[in-house]
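Working notes, structure below.
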Amino acid sequence: MKLVIVEDDLMVAAINREFALKTPELNIVATFYNGREALDFLAQNPIDLLLLDIYMAGYTGLELLKELRQQGNKTDAIIISAANDADHIDEAFHLGIVDYLIKPFTYSRFREAVQKFLLRRSLQLKGTYTQQDIDKLLDPTADSYGVLRKGLQQQTLDKILECLIAEKNCGRFMTSDEISAETNFSKMTIRRYMNYLIEQKKAVSRINYFTGGRPSIEYAILN
């Protein structure tokens, strides 16, 4: 999916770019540090997704989004902003954004926003929606990992998932020792959460007999 980043803070733009590069479904085609340059580009170049800041000198992200909508441009957008007041957030959703991320944010939350966009795009291609499709669109996480059982924490699950889908780990089987080293959770905790993900059919495990010692259990996340 073709992505354009619009962010006037160089550091935040770099983080947005880093997160986008870690997400295989996204292909960055341009990065702009002010809204007017982005508007000129978007007038000539159709894209799939816009990562958009609100507070930008001279021309805000909401002004850019309004102009796009007035032009009939329905490009999907995810707002990434420090603005957390109701007026900005309500206006952004009225302009049809996919999601709104308040700075600072984690990769797992960024990935969740991208999944919302991908779900919306896949449903649009179907042409018609079922009730289940609409329910997923309104709450994409409703049947994603199920209802967390007692004793499991969403923040812990998010951190383990972030580790498993990181660029260097994507598609790679990892032992509980390796996941523990990257997340600072105990091996017992890792096994408990991985067993949960396997039950939810979101991860798989295998036994590696070629370790030179005792066989080890390895885990990988499913796409």
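In the structure tokens, the first chain shown is A, the next is B, and so on; residue numbers restart at 1 for each chain, and ligands run from 1 in the order shown.
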
Spatial neighbours of A:Tyr193, 9 Å, only C-alpha atoms, chain gap at least 6 places, as number ranges by chain
A: 152, 156-157, 160

| message | Can you pull out every residue from stretch 18-219 of chain A that DSSP, working from the backbone, puts in alpha helix (DSSP H), and format the result as an NGL selection string? | response | :A and (18-21 or 35-44 or 61-70 or 86-94 or 107-126 or 131-138 or 154-164 or 176-183 or 187-199)

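The interatomic distance for the pair atom CA of A:Thr23 and atom CA of A:Lys116 works out to 13.4 Å.
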
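Across the structure, atom CA of A:Arg121 and atom CA of A:Val98 are spaced 10.4 Å apart.
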
Shell around stretch 205-221 of chain A at 8 Å using only C-alpha atoms, local window under 4 positions removed, as a VMD selection string: chain A and resid 161 164 to 165 171 to 176 194 198

Print the selection's residues with all heavy atoms to a file, as a PDB file, in the first residue's frame.
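That gives us selection-v9.pdb:
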ATOM      1  N   LEU A 161       3.920  -9.283  21.440  1.00  0.00           N
ATOM      2  CA  LEU A 161       3.575  -9.218  20.018  1.00  0.00           C
ATOM      3  C   LEU A 161       4.510  -8.278  19.269  1.00  0.00           C
ATOM      4  O   LEU A 161       4.930  -8.563  18.143  1.00  0.00           O
ATOM      5  CB  LEU A 161       2.122  -8.754  19.856  1.00  0.00           C
ATOM      6  CG  LEU A 161       1.044  -9.777  20.221  1.00  0.00           C
ATOM      7  CD1 LEU A 161      -0.320  -9.112  20.263  1.00  0.00           C
ATOM      8  CD2 LEU A 161       1.043 -10.925  19.218  1.00  0.00           C
ATOM      9  N   LEU A 164       7.631 -10.100  18.536  1.00  0.00           N
ATOM     10  CA  LEU A 164       7.490 -11.153  17.534  1.00  0.00           C
ATOM     11  C   LEU A 164       7.338 -10.617  16.120  1.00  0.00           C
ATOM     12  O   LEU A 164       7.732 -11.273  15.160  1.00  0.00           O
ATOM     13  CB  LEU A 164       6.292 -12.037  17.886  1.00  0.00           C
ATOM     14  CG  LEU A 164       6.455 -12.930  19.114  1.00  0.00           C
ATOM     15  CD1 LEU A 164       5.112 -13.475  19.550  1.00  0.00           C
ATOM     16  CD2 LEU A 164       7.425 -14.065  18.822  1.00  0.00           C
ATOM     17  N   ILE A 165       6.749  -9.414  15.979  1.00  0.00           N
ATOM     18  CA  ILE A 165       6.519  -8.887  14.635  1.00  0.00           C
ATOM     19  C   ILE A 165       7.545  -7.824  14.250  1.00  0.00           C
ATOM     20  O   ILE A 165       7.429  -7.212  13.193  1.00  0.00           O
ATOM     21  CB  ILE A 165       5.095  -8.311  14.491  1.00  0.00           C
ATOM     22  CG1 ILE A 165       4.878  -7.129  15.423  1.00  0.00           C
ATOM     23  CG2 ILE A 165       4.058  -9.369  14.718  1.00  0.00           C
ATOM     24  CD1 ILE A 165       3.489  -6.508  15.323  1.00  0.00           C
ATOM     25  N   GLY A 171       8.529 -13.496  10.919  1.00  0.00           N
ATOM     26  CA  GLY A 171       8.565 -14.800  10.271  1.00  0.00           C
ATOM     27  C   GLY A 171       9.562 -15.775  10.860  1.00  0.00           C
ATOM     28  O   GLY A 171       9.678 -16.906  10.379  1.00  0.00           O
ATOM     29  N   ARG A 172      10.302 -15.364  11.900  1.00  0.00           N
ATOM     30  CA  ARG A 172      11.329 -16.220  12.492  1.00  0.00           C
ATOM     31  C   ARG A 172      10.804 -16.899  13.743  1.00  0.00           C
ATOM     32  O   ARG A 172      10.103 -16.294  14.536  1.00  0.00           O
ATOM     33  CB  ARG A 172      12.554 -15.367  12.847  1.00  0.00           C
ATOM     34  CG  ARG A 172      13.725 -16.154  13.404  1.00  0.00           C
ATOM     35  CD  ARG A 172      14.964 -15.272  13.471  1.00  0.00           C
ATOM     36  NE  ARG A 172      14.912 -14.307  14.546  1.00  0.00           N
ATOM     37  CZ  ARG A 172      15.345 -14.551  15.789  1.00  0.00           C
ATOM     38  NH1 ARG A 172      15.838 -15.740  16.103  1.00  0.00           N
ATOM     39  NH2 ARG A 172      15.295 -13.617  16.711  1.00  0.00           N
ATOM     40  N   PHE A 173      11.134 -18.179  13.903  1.00  0.00           N
ATOM     41  CA  PHE A 173      10.793 -18.887  15.130  1.00  0.00           C
ATOM     42  C   PHE A 173      11.775 -18.478  16.225  1.00  0.00           C
ATOM     43  O   PHE A 173      12.976 -18.388  15.984  1.00  0.00           O
ATOM     44  CB  PHE A 173      10.855 -20.400  14.919  1.00  0.00           C
ATOM     45  CG  PHE A 173       9.611 -20.970  14.303  1.00  0.00           C
ATOM     46  CD1 PHE A 173       9.426 -20.947  12.925  1.00  0.00           C
ATOM     47  CD2 PHE A 173       8.618 -21.517  15.102  1.00  0.00           C
ATOM     48  CE1 PHE A 173       8.277 -21.477  12.354  1.00  0.00           C
ATOM     49  CE2 PHE A 173       7.465 -22.048  14.548  1.00  0.00           C
ATOM     50  CZ  PHE A 173       7.293 -22.029  13.168  1.00  0.00           C
ATOM     51  N   MET A 174      11.235 -18.213  17.417  1.00  0.00           N
ATOM     52  CA  MET A 174      12.049 -17.763  18.537  1.00  0.00           C
ATOM     53  C   MET A 174      11.773 -18.629  19.752  1.00  0.00           C
ATOM     54  O   MET A 174      10.640 -19.064  19.986  1.00  0.00           O
ATOM     55  CB  MET A 174      11.721 -16.303  18.884  1.00  0.00           C
ATOM     56  CG  MET A 174      11.954 -15.317  17.763  1.00  0.00           C
ATOM     57  SD  MET A 174      11.470 -13.631  18.257  1.00  0.00           S
ATOM     58  CE  MET A 174      12.729 -13.264  19.489  1.00  0.00           C
ATOM     59  N   THR A 175      12.794 -18.855  20.551  1.00  0.00           N
ATOM     60  CA  THR A 175      12.619 -19.587  21.795  1.00  0.00           C
ATOM     61  C   THR A 175      12.105 -18.638  22.881  1.00  0.00           C
ATOM     62  O   THR A 175      12.188 -17.413  22.746  1.00  0.00           O
ATOM     63  CB  THR A 175      13.940 -20.211  22.262  1.00  0.00           C
ATOM     64  OG1 THR A 175      14.850 -19.143  22.593  1.00  0.00           O
ATOM     65  CG2 THR A 175      14.549 -21.091  21.180  1.00  0.00           C
ATOM     66  N   SER A 176      11.600 -19.210  23.960  1.00  0.00           N
ATOM     67  CA  SER A 176      11.155 -18.378  25.075  1.00  0.00           C
ATOM     68  C   SER A 176      12.325 -17.601  25.672  1.00  0.00           C
ATOM     69  O   SER A 176      12.155 -16.481  26.154  1.00  0.00           O
ATOM     70  CB  SER A 176      10.480 -19.235  26.148  1.00  0.00           C
ATOM     71  OG  SER A 176      11.334 -20.280  26.572  1.00  0.00           O
ATOM     72  N   MET A 194       2.421 -17.200  25.116  1.00  0.00           N
ATOM     73  CA  MET A 194       2.514 -17.882  23.829  1.00  0.00           C
ATOM     74  C   MET A 194       1.478 -19.004  23.731  1.00  0.00           C
ATOM     75  O   MET A 194       0.890 -19.217  22.666  1.00  0.00           O
ATOM     76  CB  MET A 194       3.926 -18.416  23.607  1.00  0.00           C
ATOM     77  CG  MET A 194       4.986 -17.339  23.385  1.00  0.00           C
ATOM     78  SD  MET A 194       4.538 -16.064  22.158  1.00  0.00           S
ATOM     79  CE  MET A 194       4.187 -17.068  20.711  1.00  0.00           C
ATOM     80  N   ILE A 198      -1.348 -19.320  20.870  1.00  0.00           N
ATOM     81  CA  ILE A 198      -1.535 -20.559  20.107  1.00  0.00           C
ATOM     82  C   ILE A 198      -2.993 -21.012  20.188  1.00  0.00           C
ATOM     83  O   ILE A 198      -3.587 -21.418  19.184  1.00  0.00           O
ATOM     84  CB  ILE A 198      -0.578 -21.648  20.622  1.00  0.00           C
ATOM     85  CG1 ILE A 198       0.870 -21.295  20.251  1.00  0.00           C
ATOM     86  CG2 ILE A 198      -0.947 -23.021  20.037  1.00  0.00           C
ATOM     87  CD1 ILE A 198       1.910 -22.146  20.942  1.00  0.00           C
TER      88      ILE A 198
END

Can you pull out the residues contacting stretch 75-82 of chain A? Cut-off 6 Å, using only C-alpha atoms, and skip same-chain residues under 5 positions away; I want them as a PyMOL selection string.
chain A and resi 48-54+97-103

For the selection just defined, write its residues with N, CA, C and O atoms to a file, as a short mmCIF file (atom, residue, chain, number, x, y, z; two decimals), in the first residue's frame.
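Final output, saved to selection-v4.cif:
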data_model
loop_
_atom_site.label_atom_id
_atom_site.label_comp_id
_atom_site.auth_asym_id
_atom_site.auth_seq_id
_atom_site.Cartn_x
_atom_site.Cartn_y
_atom_site.Cartn_z
N ASP A 48 -2.58 5.30 -1.01
CA ASP A 48 -3.55 4.52 -0.25
C ASP A 48 -3.75 5.04 1.17
O ASP A 48 -4.86 4.99 1.70
N LEU A 49 -2.66 5.54 1.78
CA LEU A 49 -2.74 5.91 3.20
C LEU A 49 -1.87 7.12 3.49
O LEU A 49 -0.76 7.24 2.97
N LEU A 50 -2.39 7.98 4.37
CA LEU A 50 -1.69 9.19 4.78
C LEU A 50 -1.47 9.14 6.29
O LEU A 50 -2.41 8.93 7.05
N LEU A 51 -0.21 9.30 6.72
CA LEU A 51 0.10 9.49 8.14
C LEU A 51 0.25 10.99 8.34
O LEU A 51 1.16 11.61 7.79
N LEU A 52 -0.61 11.58 9.16
CA LEU A 52 -0.75 13.03 9.15
C LEU A 52 -0.70 13.63 10.55
O LEU A 52 -1.44 13.21 11.44
N ASP A 53 0.17 14.62 10.72
CA ASP A 53 0.21 15.40 11.96
C ASP A 53 -0.85 16.50 11.88
O ASP A 53 -1.30 16.87 10.78
N ILE A 54 -1.24 17.04 13.02
CA ILE A 54 -2.18 18.17 13.03
C ILE A 54 -1.45 19.50 13.16
O ILE A 54 -1.60 20.40 12.34
N ILE A 97 -11.17 9.88 9.15
CA ILE A 97 -9.89 9.21 9.39
C ILE A 97 -10.13 7.77 9.84
O ILE A 97 -11.19 7.42 10.35
N VAL A 98 -9.10 6.95 9.67
CA VAL A 98 -9.15 5.55 10.08
C VAL A 98 -8.90 5.42 11.58
O VAL A 98 -9.57 4.66 12.28
N ASP A 99 -7.92 6.17 12.08
CA ASP A 99 -7.55 6.06 13.49
C ASP A 99 -6.82 7.32 13.91
O ASP A 99 -6.40 8.13 13.07
N TYR A 100 -6.67 7.47 15.23
CA TYR A 100 -6.04 8.67 15.79
C TYR A 100 -5.05 8.20 16.86
O TYR A 100 -5.45 7.62 17.87
N LEU A 101 -3.76 8.47 16.65
CA LEU A 101 -2.73 8.10 17.60
C LEU A 101 -2.18 9.34 18.28
O LEU A 101 -1.76 10.30 17.61
N ILE A 102 -2.19 9.34 19.61
CA ILE A 102 -1.66 10.46 20.38
C ILE A 102 -0.19 10.20 20.71
O ILE A 102 0.15 9.13 21.23
N LYS A 103 0.66 11.15 20.39
CA LYS A 103 2.09 11.01 20.68
C LYS A 103 2.33 11.05 22.19
O LYS A 103 1.68 11.83 22.89
#

If we count only C-alpha atoms and set the cut-off at 7 Å, which residues sit around A:Lys187, ignoring sequence neighbours fewer than 3 positions away in its own chain? Please answer as a PyMOL selection string. chain A and resi 176-177+180+190-191

Using C-alpha atoms, can you write the selected residues to a file as a CSV table (one decimal), in the first residue's frame?
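Saved result, part-v4.csv, follows:
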chain,number,residue,atom,x,y,z
A,176,SER,CA,11.2,-18.4,25.1
A,177,ASP,CA,14.7,-17.5,26.1
A,180,SER,CA,12.5,-13.2,27.3
A,190,ILE,CA,6.5,-15.9,27.8
A,191,ARG,CA,5.3,-19.5,27.7

Q. As a PyMOL selection string, which residues of chain A does DSSP assign to strand (DSSP E)?
A. chain A and resi 2-6+27-32+49-52+76-81+99-102+174-175+203-208+216-221

Counting only C-alpha atoms, the residue among A:Val6, A:Ala203, A:Val114, A:Val29 that lies closest to A:Leu62 is A:Val6

Problem - For A:Gln124: contacts at 12 Å, only C-alpha atoms, fewer than 5 positions along chain excluded, given as a PyMOL selection string - result: chain A and resi 76+117-119+129-130+133-134+137

Can those selected residues be exported to a file as a compact mmCIF listing (two decimals), in the first residue's frame so that it contains N, CA, C and O atoms?
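Now in result36.txt:
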# COMPACT_ATOMS: atom_id res chain seq x y z
N ASP A 76 -7.44 7.37 2.64
CA ASP A 76 -7.50 7.05 4.06
C ASP A 76 -6.37 7.75 4.80
O ASP A 76 -5.26 7.91 4.27
N PHE A 117 -6.88 0.00 8.98
CA PHE A 117 -6.89 0.48 7.60
C PHE A 117 -6.99 -0.69 6.61
O PHE A 117 -7.78 -0.66 5.66
N LEU A 118 -6.19 -1.74 6.83
CA LEU A 118 -6.19 -2.89 5.92
C LEU A 118 -7.54 -3.60 5.95
O LEU A 118 -8.03 -4.06 4.91
N LEU A 119 -8.14 -3.69 7.13
CA LEU A 119 -9.46 -4.31 7.23
C LEU A 119 -10.48 -3.49 6.45
O LEU A 119 -11.29 -4.04 5.70
N TYR A 129 -21.25 -5.58 2.84
CA TYR A 129 -20.81 -5.96 4.18
C TYR A 129 -21.83 -6.90 4.83
O TYR A 129 -23.04 -6.75 4.64
N THR A 130 -21.34 -7.84 5.60
CA THR A 130 -22.19 -8.60 6.50
C THR A 130 -22.19 -7.87 7.85
O THR A 130 -21.38 -6.97 8.09
N ASP A 133 -18.86 -8.25 9.35
CA ASP A 133 -17.89 -7.32 8.78
C ASP A 133 -17.98 -5.96 9.46
O ASP A 133 -16.96 -5.34 9.80
N ILE A 134 -19.20 -5.48 9.66
CA ILE A 134 -19.40 -4.17 10.29
C ILE A 134 -18.91 -4.20 11.73
O ILE A 134 -18.27 -3.25 12.20
N LEU A 137 -15.26 -3.95 11.71
CA LEU A 137 -14.82 -2.61 11.33
C LEU A 137 -14.92 -1.65 12.51
O LEU A 137 -14.05 -0.81 12.72

Separating atom CA of A:Asn73 from atom CA of A:Thr106, to the nearest tenth of an Å, is a gap of 29.0 Å
